[in-house]
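Here is data15.csv, consisting of CSV, C-alpha atoms:
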chain,number,residue,atom,x,y,z
A,1,ALA,CA,161.7,-53.3,36.4
A,2,GLY,CA,163.6,-56.3,37.8
A,3,CYS,CA,162.7,-59.9,37.2
A,4,PRO,CA,164.2,-63.2,38.5
A,5,LEU,CA,167.6,-64.0,37.0
A,6,ASP,CA,166.9,-67.7,36.7
A,7,ILE,CA,163.5,-67.8,35.2
A,8,LEU,CA,164.8,-69.4,32.0
A,9,ARG,CA,167.6,-71.5,33.3
A,10,PRO,CA,169.6,-73.2,32.0
A,11,LEU,CA,169.4,-70.9,29.0
A,12,THR,CA,170.3,-67.9,31.2
A,13,LEU,CA,173.6,-69.6,32.0
A,14,SER,CA,174.7,-68.4,28.5
A,15,LEU,CA,172.9,-65.1,28.1
A,16,PRO,CA,170.8,-62.9,30.4
A,17,GLN,CA,167.1,-63.2,30.1
A,18,PRO,CA,166.5,-60.0,28.0
A,19,LEU,CA,168.9,-61.4,25.3
A,20,ILE,CA,167.2,-64.8,25.0
A,21,GLU,CA,165.6,-65.2,21.6
A,22,PHE,CA,161.9,-65.7,21.4
A,23,CYS,CA,160.7,-66.5,17.9
A,24,ASN,CA,164.0,-65.4,16.5
A,25,LYS,CA,164.0,-62.0,18.3
A,26,THR,CA,165.3,-61.2,21.7
A,27,LEU,CA,162.8,-60.6,24.5
A,28,LEU,CA,164.2,-57.1,24.9
A,29,LEU,CA,163.8,-56.3,21.2
A,30,HIS,CA,160.1,-57.5,21.3
A,31,GLN,CA,159.5,-54.9,24.0
A,32,LEU,CA,161.6,-52.1,22.4
A,33,GLU,CA,159.7,-52.5,19.1
A,34,ALA,CA,156.4,-52.2,20.9
A,35,LEU,CA,157.5,-49.1,22.7
A,36,LYS,CA,158.7,-47.6,19.4
A,37,ALA,CA,155.4,-48.3,17.8
A,38,ALA,CA,153.7,-46.5,20.7
A,39,GLY,CA,155.8,-43.4,20.0
A,40,VAL,CA,158.5,-43.9,22.7
A,41,ASN,CA,162.0,-42.7,21.7
A,42,ASP,CA,163.8,-42.8,25.0
A,43,VAL,CA,164.2,-46.0,27.0
A,44,ILE,CA,165.9,-46.7,30.3
A,45,LEU,CA,166.9,-50.3,31.1
A,46,CYS,CA,167.1,-51.2,34.8
A,47,VAL,CA,169.7,-53.9,34.9
A,48,ASN,CA,172.2,-55.4,37.4
A,49,GLU,CA,175.7,-54.8,36.1
A,50,LYS,CA,176.9,-58.2,37.4
A,51,ASN,CA,174.7,-60.1,34.9
A,52,LEU,CA,175.7,-58.3,31.7
A,53,PRO,CA,177.6,-60.1,29.0
A,54,LYS,CA,180.6,-58.5,27.2
A,55,SER,CA,178.3,-58.1,24.1
A,56,TRP,CA,175.8,-56.0,26.0
A,57,ASN,CA,176.9,-52.5,24.9
A,58,GLU,CA,177.3,-53.7,21.3
A,59,VAL,CA,173.7,-55.1,21.3
A,60,ILE,CA,172.3,-51.9,22.8
A,61,ALA,CA,174.1,-49.8,20.2
A,62,GLN,CA,172.7,-52.0,17.4
A,63,TYR,CA,169.1,-51.6,18.7
A,64,GLU,CA,169.6,-47.8,19.0
A,65,ALA,CA,170.6,-47.7,15.4
A,66,GLU,CA,168.0,-50.0,14.1
A,67,LEU,CA,165.1,-48.4,16.0
A,68,GLY,CA,166.1,-44.8,16.1
A,69,MET,CA,165.8,-44.8,19.9
A,70,ARG,CA,168.0,-43.6,22.7
A,71,ILE,CA,168.6,-46.4,25.2
A,72,GLN,CA,170.3,-45.7,28.5
A,73,CYS,CA,171.1,-48.2,31.3
A,74,SER,CA,170.5,-47.6,35.0
A,75,MET,CA,172.9,-50.0,36.8
A,76,GLU,CA,172.1,-51.8,40.0
A,77,THR,CA,175.0,-52.9,42.0
A,78,SER,CA,172.7,-55.1,44.2
A,79,PRO,CA,169.2,-56.3,43.7
A,80,LEU,CA,166.6,-53.6,44.4
A,81,GLY,CA,163.4,-55.5,43.9
A,82,THR,CA,160.6,-54.5,41.5
A,83,ALA,CA,160.2,-50.9,42.6
A,84,GLY,CA,163.7,-49.9,43.8
A,85,PRO,CA,165.1,-49.7,40.3
A,86,LEU,CA,162.6,-47.0,39.4
A,87,LYS,CA,163.8,-44.8,42.2
A,88,LEU,CA,167.4,-45.4,41.2
A,89,ALA,CA,166.6,-44.4,37.7
A,90,GLN,CA,164.6,-41.3,38.7
A,91,GLY,CA,167.1,-38.8,37.3
A,92,LEU,CA,167.2,-40.5,33.9
A,93,ILE,CA,163.4,-40.9,33.7
A,94,THR,CA,162.6,-37.3,34.6
A,95,ASN,CA,165.7,-35.7,33.0
A,96,ASP,CA,166.9,-34.6,36.5
A,97,GLY,CA,163.5,-33.3,37.4
A,98,SER,CA,162.8,-31.2,34.3
A,99,SER,CA,160.3,-33.6,32.7
A,100,ALA,CA,156.7,-34.1,34.0
A,101,GLU,CA,155.8,-36.6,31.2
A,102,PRO,CA,154.2,-39.9,32.2
A,103,PHE,CA,156.4,-43.0,31.5
A,104,PHE,CA,155.9,-46.7,30.8
A,105,VAL,CA,157.2,-49.4,33.0
A,106,LEU,CA,157.5,-52.9,31.5
A,107,ASN,CA,158.5,-56.0,33.5
A,108,GLY,CA,161.2,-57.8,31.6
A,109,ASP,CA,159.5,-61.2,31.8
A,110,VAL,CA,156.3,-60.2,30.1
A,111,LEU,CA,155.3,-60.5,26.5
A,112,CYS,CA,151.9,-59.6,25.1
A,113,SER,CA,150.1,-57.9,22.3
A,114,PHE,CA,151.3,-54.6,23.8
A,115,PRO,CA,148.2,-52.3,23.5
A,116,LEU,CA,150.4,-49.4,24.7
A,117,ARG,CA,148.6,-46.6,22.8
A,118,ASP,CA,145.3,-47.7,24.3
A,119,MET,CA,146.9,-47.6,27.7
A,120,ILE,CA,148.0,-44.0,27.1
A,121,HIS,CA,144.5,-43.0,26.1
A,122,VAL,CA,143.1,-44.4,29.4
A,123,HIS,CA,145.8,-42.9,31.5
A,124,THR,CA,145.3,-39.4,30.2
A,125,LYS,CA,141.6,-39.5,31.0
A,126,HIS,CA,141.9,-39.9,34.7
A,127,HIS,CA,143.8,-37.9,37.3
A,128,GLY,CA,145.6,-40.7,39.1
A,129,VAL,CA,149.3,-41.4,39.5
A,130,GLY,CA,149.3,-44.7,37.7
A,131,THR,CA,147.6,-47.1,35.3
A,132,ILE,CA,148.1,-50.8,35.4
A,133,MET,CA,147.5,-53.2,32.5
A,134,THR,CA,145.3,-56.1,33.7
A,135,THR,CA,144.2,-59.2,31.9
A,136,ARG,CA,141.9,-62.2,32.7
A,137,ASN,CA,143.7,-65.4,33.6
A,138,ALA,CA,142.4,-68.9,34.3
A,139,GLN,CA,144.8,-69.4,37.2
A,140,PRO,CA,144.6,-66.1,39.0
A,141,SER,CA,145.9,-67.6,42.3
A,142,ARG,CA,149.4,-67.7,40.6
A,143,TYR,CA,149.5,-63.9,40.3
A,144,GLY,CA,148.4,-60.7,42.0
A,145,VAL,CA,144.6,-60.3,41.7
A,146,VAL,CA,143.2,-56.9,41.1
A,147,VAL,CA,139.8,-55.8,42.4
A,148,GLY,CA,138.5,-52.6,40.7
A,149,ASP,CA,135.5,-50.6,39.8
A,150,GLU,CA,134.3,-51.8,36.4
A,151,LYS,CA,132.8,-48.5,35.5
A,152,THR,CA,135.6,-46.1,36.4
A,153,GLY,CA,138.6,-48.4,36.2
A,154,LYS,CA,139.7,-47.3,39.6
A,155,ILE,CA,141.5,-50.0,41.6
A,156,GLN,CA,140.1,-50.7,45.0
A,157,HIS,CA,142.6,-53.2,46.3
A,158,PHE,CA,144.9,-56.2,45.6
A,159,VAL,CA,145.0,-59.8,46.7
A,160,ASN,CA,148.4,-61.4,46.4
A,161,ARG,CA,148.0,-65.1,45.4
A,162,PRO,CA,144.5,-65.7,46.8
A,163,GLU,CA,143.7,-69.1,48.2
A,164,THR,CA,140.0,-68.7,47.2
A,165,HIS,CA,138.5,-67.2,44.1
A,166,VAL,CA,138.3,-63.4,44.4
A,167,SER,CA,138.6,-62.4,40.7
A,168,ASP,CA,140.3,-63.6,37.5
A,169,LEU,CA,141.7,-60.1,36.8
A,170,ILE,CA,145.4,-60.0,37.3
A,171,ASN,CA,148.2,-57.5,37.2
A,172,ALA,CA,149.9,-58.0,33.8
A,173,GLY,CA,153.2,-56.3,34.7
A,174,LEU,CA,152.8,-53.2,32.4
A,175,TYR,CA,152.3,-49.7,33.9
A,176,ILE,CA,152.1,-46.0,33.1
A,177,PHE,CA,153.1,-43.7,35.9
A,178,ASN,CA,153.4,-39.9,36.4
A,179,PRO,CA,156.6,-38.6,38.0
A,180,ALA,CA,154.5,-38.0,41.2
A,181,LEU,CA,155.2,-41.7,41.9
A,182,PHE,CA,158.8,-40.9,42.9
A,183,SER,CA,157.7,-39.0,46.0
A,184,ARG,CA,156.2,-42.2,47.3
A,185,LEU,CA,159.4,-44.3,46.7
A,186,ALA,CA,162.2,-44.6,49.2
A,187,ASP,CA,165.8,-45.2,48.2
A,188,GLY,CA,166.9,-48.8,48.3
A,189,LYS,CA,165.1,-52.1,47.9
A,190,ALA,CA,161.4,-51.8,47.4
A,191,SER,CA,158.5,-53.9,46.0
A,192,MET,CA,155.6,-53.1,43.8
A,193,ASN,CA,153.5,-55.3,46.1
A,194,ALA,CA,153.8,-52.5,48.6
A,195,VAL,CA,153.8,-49.4,46.3
A,196,LEU,CA,150.6,-50.3,44.3
A,197,PRO,CA,148.3,-51.0,47.3
A,198,ALA,CA,149.4,-47.7,48.8
A,199,LEU,CA,148.5,-45.8,45.6
A,200,ALA,CA,145.1,-47.7,45.4
A,201,ALA,CA,144.4,-46.7,49.0
A,202,GLU,CA,144.7,-43.0,48.0
A,203,ASP,CA,142.4,-43.5,45.0
A,204,LEU,CA,145.3,-42.8,42.6
A,205,LEU,CA,145.6,-46.0,40.7
A,206,TYR,CA,143.5,-47.2,37.7
A,207,HIS,CA,143.6,-50.2,35.4
A,208,PHE,CA,143.3,-50.9,31.7
A,209,GLU,CA,142.0,-54.3,30.8
A,210,SER,CA,143.7,-55.9,27.8
A,211,HIS,CA,141.9,-58.7,25.9
A,212,GLY,CA,144.9,-59.7,23.8
A,213,TYR,CA,147.6,-62.3,24.1
A,214,TRP,CA,149.7,-62.2,27.3
A,215,VAL,CA,152.3,-64.4,28.9
A,216,LYS,CA,154.7,-64.1,31.8
A,217,MET,CA,157.9,-66.0,31.3
A,218,THR,CA,158.1,-68.0,34.6
A,219,ASP,CA,160.1,-70.9,33.1
A,220,VAL,CA,161.0,-72.7,29.9
A,221,ARG,CA,157.6,-74.4,29.8
A,222,THR,CA,155.8,-71.0,29.7
A,223,PHE,CA,158.4,-69.9,27.1
A,224,LEU,CA,157.4,-72.9,24.9
A,225,SER,CA,153.6,-72.5,25.5
A,226,ALA,CA,153.9,-68.8,24.3
A,227,VAL,CA,155.4,-69.7,20.9
A,228,GLY,CA,152.1,-70.9,19.5
A,229,PRO,CA,150.1,-67.7,20.3
A,230,GLN,CA,153.0,-65.6,19.1
A,231,LEU,CA,153.2,-67.4,15.8
A,232,GLU,CA,149.5,-67.2,15.4
A,233,MET,CA,149.6,-63.5,15.9
A,234,MET,CA,152.3,-63.3,13.2
A,235,ARG,CA,150.1,-65.3,10.9
A,236,LEU,CA,147.4,-62.7,11.3
A,237,LEU,CA,149.5,-59.6,11.2
A,238,GLU,CA,152.7,-60.6,9.3
A,239,PRO,CA,152.0,-63.8,7.4
A,240,HIS,CA,154.8,-63.2,5.0
A,241,LYS,CA,157.3,-63.9,7.8
A,242,LEU,CA,156.1,-67.5,8.2
A,243,VAL,CA,157.1,-70.4,5.9
A,244,SER,CA,154.6,-72.4,3.9
A,245,ASN,CA,154.8,-75.4,1.5
A,246,GLN,CA,154.5,-72.9,-1.4
A,247,SER,CA,157.0,-70.3,-0.2
A,248,GLY,CA,160.0,-71.9,-1.7
A,249,ALA,CA,162.0,-71.5,1.5
A,250,VAL,CA,162.2,-75.3,2.0
A,251,PRO,CA,162.6,-78.2,-0.5
A,252,ALA,CA,159.4,-79.4,-2.2
A,253,SER,CA,159.7,-82.7,-0.4
A,254,THR,CA,159.6,-81.1,3.0
A,255,GLU,CA,156.2,-80.7,4.6
A,256,ILE,CA,155.2,-77.6,6.6
A,257,VAL,CA,152.3,-78.2,9.2
A,258,GLY,CA,150.8,-75.1,10.8
A,259,ASN,CA,152.9,-72.1,11.8
A,260,VAL,CA,156.6,-72.4,11.2
A,261,LEU,CA,159.2,-69.6,11.4
A,262,ILE,CA,162.7,-70.1,9.8
A,263,ALA,CA,165.5,-67.6,10.1
A,264,GLN,CA,167.6,-66.5,7.1
A,265,GLY,CA,170.7,-68.7,6.9
A,266,ALA,CA,169.1,-71.9,8.1
A,267,ILE,CA,169.4,-74.9,5.9
A,268,VAL,CA,166.5,-77.5,5.7
A,269,GLY,CA,167.1,-80.9,4.0
A,270,GLU,CA,164.8,-83.1,2.0
A,271,ASP,CA,161.8,-85.0,3.3
A,272,CYS,CA,161.6,-83.2,6.6
A,273,LYS,CA,158.3,-82.5,8.5
A,274,LEU,CA,158.2,-79.3,10.4
A,275,GLY,CA,155.4,-77.9,12.6
A,276,PRO,CA,153.2,-76.9,14.1
A,277,ASP,CA,154.7,-74.2,16.3
A,278,VAL,CA,158.3,-74.6,15.2
A,279,VAL,CA,161.0,-71.8,15.3
A,280,ILE,CA,164.3,-72.4,13.6
A,281,GLY,CA,167.1,-69.9,14.3
A,282,PRO,CA,169.9,-68.5,12.1
A,283,ASN,CA,172.6,-70.9,10.8
A,284,CYS,CA,170.7,-74.0,11.9
A,285,VAL,CA,171.2,-77.2,9.7
A,286,LEU,CA,168.5,-79.8,9.4
A,287,GLU,CA,169.5,-82.9,7.5
A,288,ASP,CA,167.2,-85.1,5.5
A,289,GLY,CA,164.1,-86.6,7.2
A,290,VAL,CA,164.2,-84.5,10.4
A,291,ARG,CA,160.9,-84.1,12.3
A,292,LEU,CA,160.3,-81.0,14.5
A,293,GLU,CA,157.1,-80.3,16.4
A,294,ALA,CA,156.4,-77.6,19.0
A,295,THR,CA,160.1,-76.9,19.2
A,296,THR,CA,162.4,-73.9,19.2
A,297,LEU,CA,166.0,-74.1,17.9
A,298,PHE,CA,168.4,-71.3,18.8
A,299,SER,CA,171.1,-70.3,16.4
A,300,GLY,CA,173.7,-72.7,15.1
A,301,VAL,CA,171.9,-76.0,16.0
A,302,THR,CA,172.5,-79.1,13.9
A,303,ILE,CA,169.9,-81.9,13.7
A,304,ARG,CA,171.2,-85.0,11.9
A,305,ARG,CA,169.3,-87.3,9.6
A,306,HIS,CA,165.9,-88.7,10.7
A,307,ALA,CA,166.1,-87.3,14.3
A,308,LEU,CA,162.8,-86.3,16.0
A,309,VAL,CA,162.5,-83.3,18.3
A,310,HIS,CA,159.1,-82.6,20.0
A,311,ASP,CA,158.1,-80.0,22.6
A,312,SER,CA,161.6,-78.9,23.3
A,313,VAL,CA,164.1,-76.0,23.4
A,314,ILE,CA,167.5,-76.6,21.8
A,315,GLY,CA,170.2,-74.2,22.7
A,316,TRP,CA,172.9,-72.4,20.7
A,317,GLY,CA,175.3,-74.7,18.8
A,318,THR,CA,173.8,-77.9,20.1
A,319,GLN,CA,174.1,-81.1,17.9
A,320,VAL,CA,171.5,-83.8,17.8
A,321,GLY,CA,172.6,-87.1,16.3
A,322,GLY,CA,170.9,-89.0,13.6
A,323,TRP,CA,167.8,-91.0,14.6
A,324,ALA,CA,167.8,-89.4,18.1
A,325,TRP,CA,164.5,-88.9,19.8
A,326,ILE,CA,164.2,-85.7,21.9
A,327,THR,CA,160.9,-85.0,23.7
A,328,SER,CA,159.9,-82.4,26.4
A,329,ALA,CA,163.5,-81.5,26.9
A,330,VAL,CA,165.6,-78.4,27.4
A,331,LEU,CA,169.1,-78.6,25.9
A,332,ALA,CA,171.3,-75.6,26.8
A,333,GLU,CA,174.2,-74.3,24.8
A,334,ASP,CA,176.7,-76.6,23.0
A,335,VAL,CA,175.1,-80.0,24.0
A,336,ASP,CA,176.0,-83.0,22.0
A,337,VAL,CA,173.4,-85.8,21.7
A,338,LYS,CA,174.9,-88.9,20.2
A,339,HIS,CA,173.4,-91.1,17.4
A,340,ALA,CA,170.0,-92.8,18.2
A,341,THR,CA,169.9,-91.5,21.8
A,342,LEU,CA,166.5,-91.0,23.6
A,343,VAL,CA,166.1,-87.9,25.7
A,344,ASN,CA,162.8,-87.7,27.6
A,345,GLY,CA,162.0,-84.7,29.8
A,346,ALA,CA,165.6,-83.9,30.6
A,347,THR,CA,167.1,-80.5,31.3
A,348,VAL,CA,170.7,-80.5,30.1
A,349,LEU,CA,173.2,-77.9,31.2
A,350,PRO,CA,175.7,-76.4,28.7
A,351,HIS,CA,178.6,-78.2,27.1
A,352,LYS,CA,177.4,-81.8,28.0
A,353,GLU,CA,177.6,-85.0,25.9
A,354,LEU,CA,174.8,-87.5,26.0
A,355,PHE,CA,176.0,-91.0,25.1
A,356,SER,CA,173.1,-93.0,26.7
A,357,ASN,CA,169.4,-92.8,26.9
A,358,VAL,CA,167.6,-90.5,29.4
A,359,ARG,CA,164.2,-92.1,29.9
A,360,SER,CA,162.8,-90.0,32.7
A,361,PRO,CA,162.8,-86.3,33.6
A,362,GLN,CA,166.1,-85.2,35.3
A,363,ILE,CA,168.7,-82.5,35.3
A,364,ILE,CA,172.0,-83.4,33.6
A,365,ILE,CA,174.7,-81.3,35.2

Please go through the file and, once you have read it, give me the structure as C-alpha cells.
Amino acid sequence: AGCPLDILRPLTLSLPQPLIEFCNKTLLLHQLEALKAAGVNDVILCVNEKNLPKSWNEVIAQYEAELGMRIQCSMETSPLGTAGPLKLAQGLITNDGSSAEPFFVLNGDVLCSFPLRDMIHVHTKHHGVGTIMTTRNAQPSRYGVVVGDEKTGKIQHFVNRPETHVSDLINAGLYIFNPALFSRLADGKASMNAVLPALAAEDLLYHFESHGYWVKMTDVRTFLSAVGPQLEMMRLLEPHKLVSNQSGAVPASTEIVGNVLIAQGAIVGEDCKLGPDVVIGPNCVLEDGVRLEATTLFSGVTIRRHALVHDSVIGWGTQVGGWAWITSAVLAEDVDVKHATLVNGATVLPHKELFSNVRSPQIII
C-alpha cells in the first residue's frame, strides 16, 4: 500500500523509500524476505511511476532471481491513498478473478519481526474478510487505536489519533484480506481509515496481536531508533553477521562495542572505536582513529582520521574530514564536510560542502 513519499527526506531525494538501505539491506528486501519465509512466491508492488529511478527494473529483476519470486508492479499515475492501490491491483492480486486465495498487504513504511505465518493461522480460523496485525505502543495517540474483543479477536471499532487514552493497541500496518474485500472498494482514491471501520461494523474484521519488534518509519529519527532493535534481533538470530573484536574483520587495535554490522568491501583503519548500534555500508573507508556510535553509513562513505560521528545518518558517497565532529545529523548523498568542522543537529541536502561549523539544528539547502 502507499506511504508518504517524503518520510525519509532528504535521503529520498536520491532514492525512493523502498530502496533506502536499512542495516545494509533495502527496506523492500526486508519485506520480500519475510514474505518468502512465510511461503509467498508472488508479490505485487503498488508504486507511483513518477517516483521510480532508472535502476528500478534492474533491482526488481535481481530480487526475483535471488529470492525465486515473481514480482509485478501495479503503477499509479496519481496518488490513490492507502486503499485505492489495492483496487487498482485487483486483477493482478486475483489473477483476473480466478484466485480466491487470501493475500497479505504490507505498508511500505513498516518493519517488524514479521510473524506472518502466525497471522495466516489466525486468519484461517475465523470467517471474516480481513485480519490486521496489531501491537502495543507507548504512544498510541500517534496512530490508529484498535478496540477489539480480547477473547475472539474481533475488532469492534477504531479511534483515529485519540486525545484521551482508549487503548494502547494500534494498527501495525500489516493485513491479510480475502478477495471479498474488493467488492467493498470503489475505483479511485480511497483510505484504509474508511475501509477498515466499515468491515468492523459488519463483524468481518479481526486482529492478531504481535509481541515482537515493530517500527513505523515516520522520519530519519525513527529510522535511527530502529537500528538498535534490528541489530539486537540479528545478534539473537544471526550473530555471525555482526562483527566482534575476535572476528578478524577489523584490525586488532580497533574496538567493537555492542552490535556493529559491517558490509563486505568496507575498510576500517587502526585504533577506531565502533558501536554500539553502528552500520557500515559497502565500500566505506574509515581511516585511523575514527569513532562511530549509533550511526549508519550508506555505501561509499569516507570518514577521515580521528573524526567522530554520533547518532547520525551519513548518505552515499559523503566525505567527513579529519577531526570533524558530527552529532545528531543527517547528511544526504555526496556531502563534503571539511577538516575539523562541527555539525550539530543539521539536515544537509545532497551535494553540499560544509566549510564552517553548524552549531544548532538547521536545514542546509

Residue with smallest distance to Leu28 (chain A) - pool A:Gly68, A:Pro350, A:Gly108, A:Gly265, counting all atoms listed in the file: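 Under the stated criterion, the closest residue is A:Gly108.
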
Given all atoms listed in the file as the counted atoms, nearest of A:Ala180, A:Ile267, A:Leu116, A:Leu86 to Leu286 (chain A):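 Of A:Ala180, A:Ile267, A:Leu116, A:Leu86, the one nearest Leu286 (chain A), counting all atoms listed in the file, is A:Ile267.
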
Sphere at (164.7, -54.9, 44.7), radius 10 Å, counting all atoms listed in the file: residues as a list in words: Ala1, Gly2, Cys3, Glu76, Ser78, Pro79, Leu80, Gly81, Thr82, Ala83, Gly84, Pro85, Leu86, Gly188, Lys189, Ala190, Ser191 and Met192 of chain A

Selection as a PyMOL selection string: residues within 8 Å of (138.9, -58.4, 39.6), counting only C-alpha atoms: chain A and resi 145-148+166-170

Top pick for closest residue to Ala329 (chain A), considering A:Ser55, A:Pro10, A:Gln230, A:Glu66 and counting only C-alpha atoms: A:Pro10

Option closest in space to Ala332 (chain A), from A:Leu27, A:Ala263, A:Leu11, A:Ala346 [counting only C-alpha atoms]: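 Looking at the shortest contact to Ala332 (chain A), the residue is A:Leu11.
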
Nearby residues (all atoms listed in the file) at most 12 Å from His240 (chain A), same-chain spacing under 3 positions excluded, as a VMD selection string: chain A and resid 231 234 to 237 243 to 244 246 to 247 249 259 to 262

Atoms kept (C-alpha atoms) for selection, written as a PDB file, in the coordinates of the input:
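Dumped everything to again_8.pdb:
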ATOM      1  CA  LEU A 231     153.200 -67.400  15.800  1.00  0.00           C
ATOM      2  CA  MET A 234     152.300 -63.300  13.200  1.00  0.00           C
ATOM      3  CA  ARG A 235     150.100 -65.300  10.900  1.00  0.00           C
ATOM      4  CA  LEU A 236     147.400 -62.700  11.300  1.00  0.00           C
ATOM      5  CA  LEU A 237     149.500 -59.600  11.200  1.00  0.00           C
ATOM      6  CA  VAL A 243     157.100 -70.400   5.900  1.00  0.00           C
ATOM      7  CA  SER A 244     154.600 -72.400   3.900  1.00  0.00           C
ATOM      8  CA  GLN A 246     154.500 -72.900  -1.400  1.00  0.00           C
ATOM      9  CA  SER A 247     157.000 -70.300  -0.200  1.00  0.00           C
ATOM     10  CA  ALA A 249     162.000 -71.500   1.500  1.00  0.00           C
ATOM     11  CA  ASN A 259     152.900 -72.100  11.800  1.00  0.00           C
ATOM     12  CA  VAL A 260     156.600 -72.400  11.200  1.00  0.00           C
ATOM     13  CA  LEU A 261     159.200 -69.600  11.400  1.00  0.00           C
ATOM     14  CA  ILE A 262     162.700 -70.100   9.800  1.00  0.00           C
TER      15      ILE A 262
END

Selection: 10 Å around Thr135 (chain A), only C-alpha atoms, excl. self and same-chain fewer than 2 positions, as a ChimeraX atom specification: /A:132-133,137,140,145-146,168-173,207-214

Distance criterion (only C-alpha atoms): nearest to Ala200 (chain A) out of A:Arg221, A:Lys154, A:Arg117, A:Arg359: A:Lys154

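Going from CA of Gly228 (chain A) to CA of Gly315 (chain A) covers 18.7 Å.
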
Distance query Leu8 (chain A) at most 6 Å, all atoms listed in the file, self and fewer than 3 positions along chain excluded, as a PyMOL selection string: chain A and resi 11-12+219-220

For CA of Arg70 (chain A) and CA of Leu185 (chain A), the interatomic separation in Å (one decimal): 25.5 Å

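Checking A:Cys23, A:Gln17, A:Asp109, A:Ser360 one by one against Lys241 (chain A), counting only C-alpha atoms, you find the shortest gap at A:Cys23.
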
CA of Ala198 (chain A) to CA of Gly130 (chain A), distance in Å rounded to a single decimal: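 Atom-to-atom, CA of Ala198 (chain A) and CA of Gly130 (chain A) are spaced 11.5 Å apart.
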
Residues near region 88-99 of chain A, cut-off 8 Å, all atoms listed in the file, skip fewer than 5 positions along chain, as a ChimeraX atom specification: /A:44,46,74,179,182,187-188
